[in-house]
Amino acid sequence: MCIKFYTFLYIICEKGKRLMSEVIAIEGGYKLNGSVRISGAKNATVALIPAAVLSDGPVEILGVPEISDVEALAILLKELKCEVEVDGERIRIDPTHMEDIPLISDAVNKLRASYYFMGALLGKYKRVKIKMPGGCYLGPRPIDLHFKGFEALGAKISCVEDTYLLEADELIGTSIYLDFASVGATINIMLAAVRAKGKTVIENAAKEPEIIDVANLLTKMGAKIRGVGTDTITIEGVDYLGGTFHEIIPDRIEAGTFLIIAAAAGEKVIVQNVIPQHLEALISKLKEMGIKMEVVGDNIVVYGHDELKSVDIKTQIYPGFATDLQQPLTTLLTQAQGESHVKETIYVERFKHCGELNKMGAHIEVGEAQSTIHGQTPLHGARVEATDLRCGAALVIAGLIAEGKTEITNVYHIDRGYDNIDHKLITLGAHITRYEIED
Ligand code: EPZ
């Protein structure tokens with residue numbers, strides 16, 4: 001799949017210059033069998049790439065997923081005059097000759113994680129000018145905790161129209177308590193603090209595996225970080241960070257999506273390159289639904305099952321049930337007998353997929369920060385819209401089990417976060433094509 005082409009298509013459609021857009025079309029009802037290999041974690045990658053600019057030498061990262069978010073970050077690196085080489089799953093970033101240049105191009109809006117350049121560039125230059133980040137709309141997504149951390153370190157922040165300016169004479173380590181264990185704020189403050197003077201303590205820090213992965217890269221670069229994976233992260237600032245080599249952890253959300261796909265449409269599917277401990281909450285729920293699974297090293301074997309039991313889900317910060325898997329799991333819950341309930345505690349408006357699933361025959365009621373799924377309902381093909389990345393995944397799963405043809409529009413959302421999803425599914429026996437339609 002050529003992500004560049006799809007991104008290009010999206011850009012021209014977005015500007016209204018051409019009224020064509022792309023769909024993923026799925027002919028449902030084919031049973032899946034075989035193996036699928038999980039790519040490097042998107043939500044680690046999108047922080048590791050900005051983290052690399054803190055180095056004064058080349059950083060090589062392996063296991064980079066082929067997703068359009070990576071392409072947008074590579075554009076931003078080039079704008080900063082970093083040397084960037086992308087070769088399959090490898091990216092080499094050489095920031096030796098980079099310059100302190102404002103990041104104000106459209107590439108910033110392509111993803112939310114462009115905000116990691118705030119922490120990284122503030123750490124490096126004590127100054128950064130950057131447009132507001134973009135990303136999926138999941139309801140309000142404030143970044144006040146990131147700013148609270150930067151300000152505590154000594155930065156002054158102003159915003160003119162859609163551009164932020166963050167500046168500090170110097171960054172001085174301090175104690176920062178996060179009112180919510182935010183993934184983005186924990187990483188961003190860590191990025192700024194690794195080159196601050198003295199000791200920074202982040203209390204009520206988030207513990208997601210992607211944060212540990214970023215801390216591991218920074219540590220290899222020479223940072224002094226303790227306590228990642230716990231509530232309290234301590235960082236001793238250093239003057240110099242150097243080049244290194246790092247391999248990204250497998251994507252637990254992509255892995256979880258494929259476990260759900262296998263449960264929904266598979267006979268016997270082996271999901272490879274997984275860290276099962278990262279998926280304990282999902283694995284427990286799938287077992288509660290009656291799915292048979294075996295963990296064999298870093299592979300999980302899933303056996304399809306016709307009679308599924310309903311379950312209740314409450315999304316929580318890690319290691320609780322991941323909000324990013326709530327949407328894909330909802331599709332599977334439409335196939336369970338009885339009523340299931342989903343309660344969202346992270347993104348209270350993350351329910352747009354429910355309306356789309358209802359167009360395919362599901363019976364889902366959405367209330368305040370929760371949904372009720374009345375199963376079991378057969379699904380039928382329809383034209384539906386990927387309103388955000390994980391909604392897209394939920395619709396792909398629905399398309400695989402629906403009778404007839406499902407067309408999913410706004411596929412650029414899916415391409416932002418799933419590496420070659422069509423190809424991986426076709427290898428398992430799915431019938432999927434892509435083509436353009438008139439908007
Ligand atoms: C990360 O988003 C992920 N994105 C999200 O993945 C994921 O859903 C989320 O963590 C939760 O696990 C990336 O890693 C790029 P948060 P992030 O800061 O960092 C509130 C996907 O589909 N909050 O932990 O933005 C916020 O409103 C995506 O891959 C504040 O109030 O998540 C939300 O309710 C989408 N103020 C909650 O915290 C802040 O300053 C979670 O946000 C920051 C956050």
# chains A, B, ... in the order shown; residues from 1 in each chain; ligands from 1
$ closest_atom_pairs --of "stretch 153-235 of chain A" --to "stretch 61-65 of chain A" --cutoff "12 Å" --atoms "only C-alpha atoms" --output "CSV"
residue,atom,partner,partner_atom,distance
A:Asp213,CA,A:Ile61,CA,11.6
A:Val214,CA,A:Ile61,CA,11.4
A:Leu217,CA,A:Ile61,CA,9.2
A:Lys220,CA,A:Ile61,CA,11.9
$ write_last_selection --atoms "C-alpha atoms" --output "PDB file, in the first residue's frame"
ATOM      1  CA  ASP A 213       9.634   2.895  25.579  1.00  0.00           C
ATOM      2  CA  VAL A 214      10.299   6.631  25.232  1.00  0.00           C
ATOM      3  CA  LEU A 217      15.302   5.627  24.225  1.00  0.00           C
ATOM      4  CA  LYS A 220      20.170   5.118  25.853  1.00  0.00           C
TER       5      LYS A 220
END
$ closest_atom_pairs --of "chain A" --to "ligand 1" --cutoff "7 Å" --atoms "only C-alpha atoms and all ligand atoms" --output "JSON lines"
{"residue": "A:Asn43", "atom": "CA", "partner": "ligand 1", "partner_atom_place_in_ligand_line": "14 (O)", "distance": 4.1}
{"residue": "A:Ala44", "atom": "CA", "partner": "ligand 1", "partner_atom_place_in_ligand_line": "14 (O)", "distance": 6.8}
{"residue": "A:Val46", "atom": "CA", "partner": "ligand 1", "partner_atom_place_in_ligand_line": "15 (C)", "distance": 6.4}
{"residue": "A:Arg112", "atom": "CA", "partner": "ligand 1", "partner_atom_place_in_ligand_line": "15 (C)", "distance": 6.0}
{"residue": "A:Ala113", "atom": "CA", "partner": "ligand 1", "partner_atom_place_in_ligand_line": "15 (C)", "distance": 4.8}
{"residue": "A:Cys136", "atom": "CA", "partner": "ligand 1", "partner_atom_place_in_ligand_line": "35 (C)", "distance": 6.4}
{"residue": "A:Pro140", "atom": "CA", "partner": "ligand 1", "partner_atom_place_in_ligand_line": "27 (O)", "distance": 5.7}
{"residue": "A:Arg141", "atom": "CA", "partner": "ligand 1", "partner_atom_place_in_ligand_line": "27 (O)", "distance": 3.9}
{"residue": "A:Pro142", "atom": "CA", "partner": "ligand 1", "partner_atom_place_in_ligand_line": "36 (N)", "distance": 4.6}
{"residue": "A:Ile143", "atom": "CA", "partner": "ligand 1", "partner_atom_place_in_ligand_line": "40 (O)", "distance": 3.2}
{"residue": "A:Asp144", "atom": "CA", "partner": "ligand 1", "partner_atom_place_in_ligand_line": "40 (O)", "distance": 3.9}
{"residue": "A:Leu145", "atom": "CA", "partner": "ligand 1", "partner_atom_place_in_ligand_line": "40 (O)", "distance": 3.4}
{"residue": "A:His146", "atom": "CA", "partner": "ligand 1", "partner_atom_place_in_ligand_line": "40 (O)", "distance": 5.0}
{"residue": "A:Phe180", "atom": "CA", "partner": "ligand 1", "partner_atom_place_in_ligand_line": "38 (O)", "distance": 6.1}
{"residue": "A:Ala181", "atom": "CA", "partner": "ligand 1", "partner_atom_place_in_ligand_line": "24 (O)", "distance": 6.3}
{"residue": "A:Ser182", "atom": "CA", "partner": "ligand 1", "partner_atom_place_in_ligand_line": "24 (O)", "distance": 3.4}
{"residue": "A:Val183", "atom": "CA", "partner": "ligand 1", "partner_atom_place_in_ligand_line": "24 (O)", "distance": 3.8}
{"residue": "A:Gly184", "atom": "CA", "partner": "ligand 1", "partner_atom_place_in_ligand_line": "19 (O)", "distance": 3.3}
{"residue": "A:Ala185", "atom": "CA", "partner": "ligand 1", "partner_atom_place_in_ligand_line": "18 (O)", "distance": 5.7}
{"residue": "A:Ile317", "atom": "CA", "partner": "ligand 1", "partner_atom_place_in_ligand_line": "12 (O)", "distance": 6.3}
{"residue": "A:Ala322", "atom": "CA", "partner": "ligand 1", "partner_atom_place_in_ligand_line": "12 (O)", "distance": 6.3}
{"residue": "A:Thr323", "atom": "CA", "partner": "ligand 1", "partner_atom_place_in_ligand_line": "8 (O)", "distance": 5.6}
{"residue": "A:Asp324", "atom": "CA", "partner": "ligand 1", "partner_atom_place_in_ligand_line": "22 (O)", "distance": 5.0}
{"residue": "A:Ile346", "atom": "CA", "partner": "ligand 1", "partner_atom_place_in_ligand_line": "34 (O)", "distance": 4.4}
{"residue": "A:Tyr347", "atom": "CA", "partner": "ligand 1", "partner_atom_place_in_ligand_line": "34 (O)", "distance": 4.9}
{"residue": "A:Leu389", "atom": "CA", "partner": "ligand 1", "partner_atom_place_in_ligand_line": "22 (O)", "distance": 5.8}
{"residue": "A:Arg390", "atom": "CA", "partner": "ligand 1", "partner_atom_place_in_ligand_line": "22 (O)", "distance": 5.5}
{"residue": "A:Gly417", "atom": "CA", "partner": "ligand 1", "partner_atom_place_in_ligand_line": "29 (O)", "distance": 6.9}
$ residues_around --residues "A:Asp56" --least-positions-apart "6" --cutoff "7 Å" --atoms "only C-alpha atoms" --output "PyMOL selection string"
chain A and resi 95-96+241-243
$ write_last_selection --atoms "N, CA, C and O atoms" --output "compact mmCIF listing (two decimals), in the first residue's frame"
# COMPACT_ATOMS: atom_id res chain seq x y z
N PRO A 95 20.14 14.80 13.93
CA PRO A 95 19.83 16.19 14.24
C PRO A 95 21.07 17.08 14.37
O PRO A 95 20.95 18.22 14.81
N THR A 96 22.25 16.58 13.94
CA THR A 96 23.50 17.30 14.15
C THR A 96 23.42 18.74 13.64
O THR A 96 23.91 19.67 14.28
N LEU A 241 22.98 14.85 25.27
CA LEU A 241 22.38 13.56 24.89
C LEU A 241 22.97 13.17 23.53
O LEU A 241 23.08 14.02 22.63
N GLY A 242 23.32 11.89 23.39
CA GLY A 242 24.01 11.47 22.16
C GLY A 242 23.20 10.48 21.33
O GLY A 242 22.12 10.06 21.73
N GLY A 243 23.77 10.11 20.19
CA GLY A 243 23.11 9.19 19.26
C GLY A 243 23.01 7.78 19.85
O GLY A 243 23.78 7.40 20.73
$ closest_residue --among "A:Asn109, A:Val128, A:Ile26, A:Met20" --to "A:Ala382" --atoms "only C-alpha atoms"
A:Ile26
$ atom_distance --atom1 "atom CA of A:Phe351" --atom2 "atom CA of A:Pro328"
11.1 Å
$ residues_around --residues "A:Glu89" --least-positions-apart "2" --cutoff "12 Å" --atoms "only C-alpha atoms" --output "ChimeraX atom specification"
/A:39-41,45,60-67,70,85-87,91-92,246-248,419
$ select_by_dssp --residues "stretch 169-260 of chain A" --states "helix (DSSP H, G or I)" --output "PyMOL selection string"
chain A and resi 183-193+209-221+252-260
$ write_last_selection --atoms "N, CA and C atoms" --output "compact mmCIF listing (two decimals), in the first residue's frame"
# COMPACT_ATOMS: atom_id res chain seq x y z
N VAL A 183 -1.04 10.54 29.40
CA VAL A 183 0.07 9.96 28.63
C VAL A 183 0.90 11.08 28.00
N GLY A 184 0.19 11.96 27.28
CA GLY A 184 0.89 13.02 26.54
C GLY A 184 1.64 13.95 27.47
N ALA A 185 1.03 14.35 28.59
CA ALA A 185 1.70 15.29 29.50
C ALA A 185 2.92 14.62 30.14
N THR A 186 2.80 13.35 30.50
CA THR A 186 3.94 12.66 31.12
C THR A 186 5.13 12.65 30.16
N ILE A 187 4.86 12.28 28.90
CA ILE A 187 5.96 12.20 27.92
C ILE A 187 6.53 13.59 27.64
N ASN A 188 5.64 14.56 27.42
CA ASN A 188 6.10 15.90 27.04
C ASN A 188 6.96 16.53 28.14
N ILE A 189 6.52 16.36 29.39
CA ILE A 189 7.30 16.95 30.51
C ILE A 189 8.65 16.23 30.63
N MET A 190 8.61 14.91 30.41
CA MET A 190 9.88 14.15 30.46
C MET A 190 10.84 14.66 29.39
N LEU A 191 10.31 14.94 28.19
CA LEU A 191 11.17 15.42 27.09
C LEU A 191 11.81 16.77 27.43
N ALA A 192 11.02 17.63 28.08
CA ALA A 192 11.59 18.95 28.43
C ALA A 192 12.57 18.80 29.59
N ALA A 193 12.27 17.90 30.52
CA ALA A 193 13.05 17.83 31.77
C ALA A 193 14.41 17.16 31.62
N PRO A 209 2.87 1.50 28.51
CA PRO A 209 4.13 0.92 27.99
C PRO A 209 4.85 1.86 27.03
N GLU A 210 4.10 2.69 26.31
CA GLU A 210 4.74 3.59 25.34
C GLU A 210 5.62 4.62 26.05
N ILE A 211 5.22 4.98 27.28
CA ILE A 211 6.02 5.95 28.05
C ILE A 211 7.35 5.30 28.46
N ILE A 212 7.27 4.03 28.82
CA ILE A 212 8.50 3.31 29.19
C ILE A 212 9.42 3.23 27.96
N ASP A 213 8.82 3.00 26.80
CA ASP A 213 9.63 2.90 25.58
C ASP A 213 10.37 4.21 25.30
N VAL A 214 9.66 5.33 25.48
CA VAL A 214 10.30 6.63 25.23
C VAL A 214 11.42 6.86 26.26
N ALA A 215 11.15 6.52 27.51
CA ALA A 215 12.17 6.69 28.56
C ALA A 215 13.39 5.81 28.26
N ASN A 216 13.13 4.61 27.70
CA ASN A 216 14.26 3.73 27.36
C ASN A 216 15.13 4.35 26.28
N LEU A 217 14.50 4.96 25.27
CA LEU A 217 15.30 5.63 24.23
C LEU A 217 16.12 6.77 24.85
N LEU A 218 15.45 7.59 25.65
CA LEU A 218 16.14 8.75 26.25
C LEU A 218 17.30 8.28 27.12
N THR A 219 17.10 7.20 27.85
CA THR A 219 18.16 6.66 28.72
C THR A 219 19.35 6.21 27.87
N LYS A 220 19.07 5.54 26.74
CA LYS A 220 20.17 5.12 25.85
C LYS A 220 20.90 6.34 25.30
N MET A 221 20.17 7.47 25.16
CA MET A 221 20.80 8.70 24.65
C MET A 221 21.64 9.38 25.75
N ARG A 252 0.40 -2.51 21.04
CA ARG A 252 -0.60 -3.30 21.80
C ARG A 252 -2.01 -3.02 21.29
N ILE A 253 -2.23 -1.85 20.70
CA ILE A 253 -3.59 -1.56 20.22
C ILE A 253 -3.83 -2.27 18.88
N GLU A 254 -2.79 -2.29 18.02
CA GLU A 254 -2.94 -3.06 16.78
C GLU A 254 -3.12 -4.54 17.13
N ALA A 255 -2.32 -5.02 18.10
CA ALA A 255 -2.42 -6.44 18.51
C ALA A 255 -3.83 -6.72 19.03
N GLY A 256 -4.33 -5.82 19.89
CA GLY A 256 -5.68 -6.00 20.45
C GLY A 256 -6.72 -6.00 19.35
N THR A 257 -6.54 -5.12 18.37
CA THR A 257 -7.50 -5.06 17.25
C THR A 257 -7.52 -6.41 16.51
N PHE A 258 -6.31 -6.97 16.27
CA PHE A 258 -6.28 -8.26 15.57
C PHE A 258 -6.81 -9.41 16.43
N LEU A 259 -6.66 -9.34 17.75
CA LEU A 259 -7.26 -10.37 18.60
C LEU A 259 -8.78 -10.32 18.44
N ILE A 260 -9.32 -9.10 18.40
CA ILE A 260 -10.77 -8.95 18.26
C ILE A 260 -11.21 -9.41 16.86
$ residues_around --residues "A:Gly375" --least-positions-apart "6" --cutoff "6 Å" --atoms "only C-alpha atoms" --output "MDAnalysis selection string"
chainID A and resid 334:338
$ write_last_selection --atoms "N, CA, C and O atoms" --output "short mmCIF file (atom, residue, chain, number, x, y, z; two decimals), in the first residue's frame"
data_model
loop_
_atom_site.label_atom_id
_atom_site.label_comp_id
_atom_site.auth_asym_id
_atom_site.auth_seq_id
_atom_site.Cartn_x
_atom_site.Cartn_y
_atom_site.Cartn_z
N THR A 334 -21.59 -6.66 19.46
CA THR A 334 -22.87 -6.75 18.73
C THR A 334 -23.18 -8.22 18.40
O THR A 334 -24.31 -8.55 18.07
N GLN A 335 -22.15 -9.07 18.47
CA GLN A 335 -22.34 -10.49 18.14
C GLN A 335 -22.52 -11.35 19.38
O GLN A 335 -22.60 -12.58 19.30
N ALA A 336 -22.55 -10.73 20.55
CA ALA A 336 -22.73 -11.49 21.80
C ALA A 336 -24.21 -11.55 22.15
O ALA A 336 -24.97 -10.64 21.81
N GLN A 337 -24.60 -12.60 22.85
CA GLN A 337 -26.00 -12.75 23.28
C GLN A 337 -26.25 -11.83 24.46
O GLN A 337 -25.52 -11.88 25.44
N GLY A 338 -27.27 -10.99 24.39
CA GLY A 338 -27.65 -10.18 25.56
C GLY A 338 -27.09 -8.77 25.50
O GLY A 338 -26.54 -8.33 24.49
#
$ residues_around --residues "A:Lys131" --least-positions-apart "6" --cutoff "8 Å" --atoms "only C-alpha atoms" --output "ChimeraX atom specification"
/A:103-105,108-109,162-164
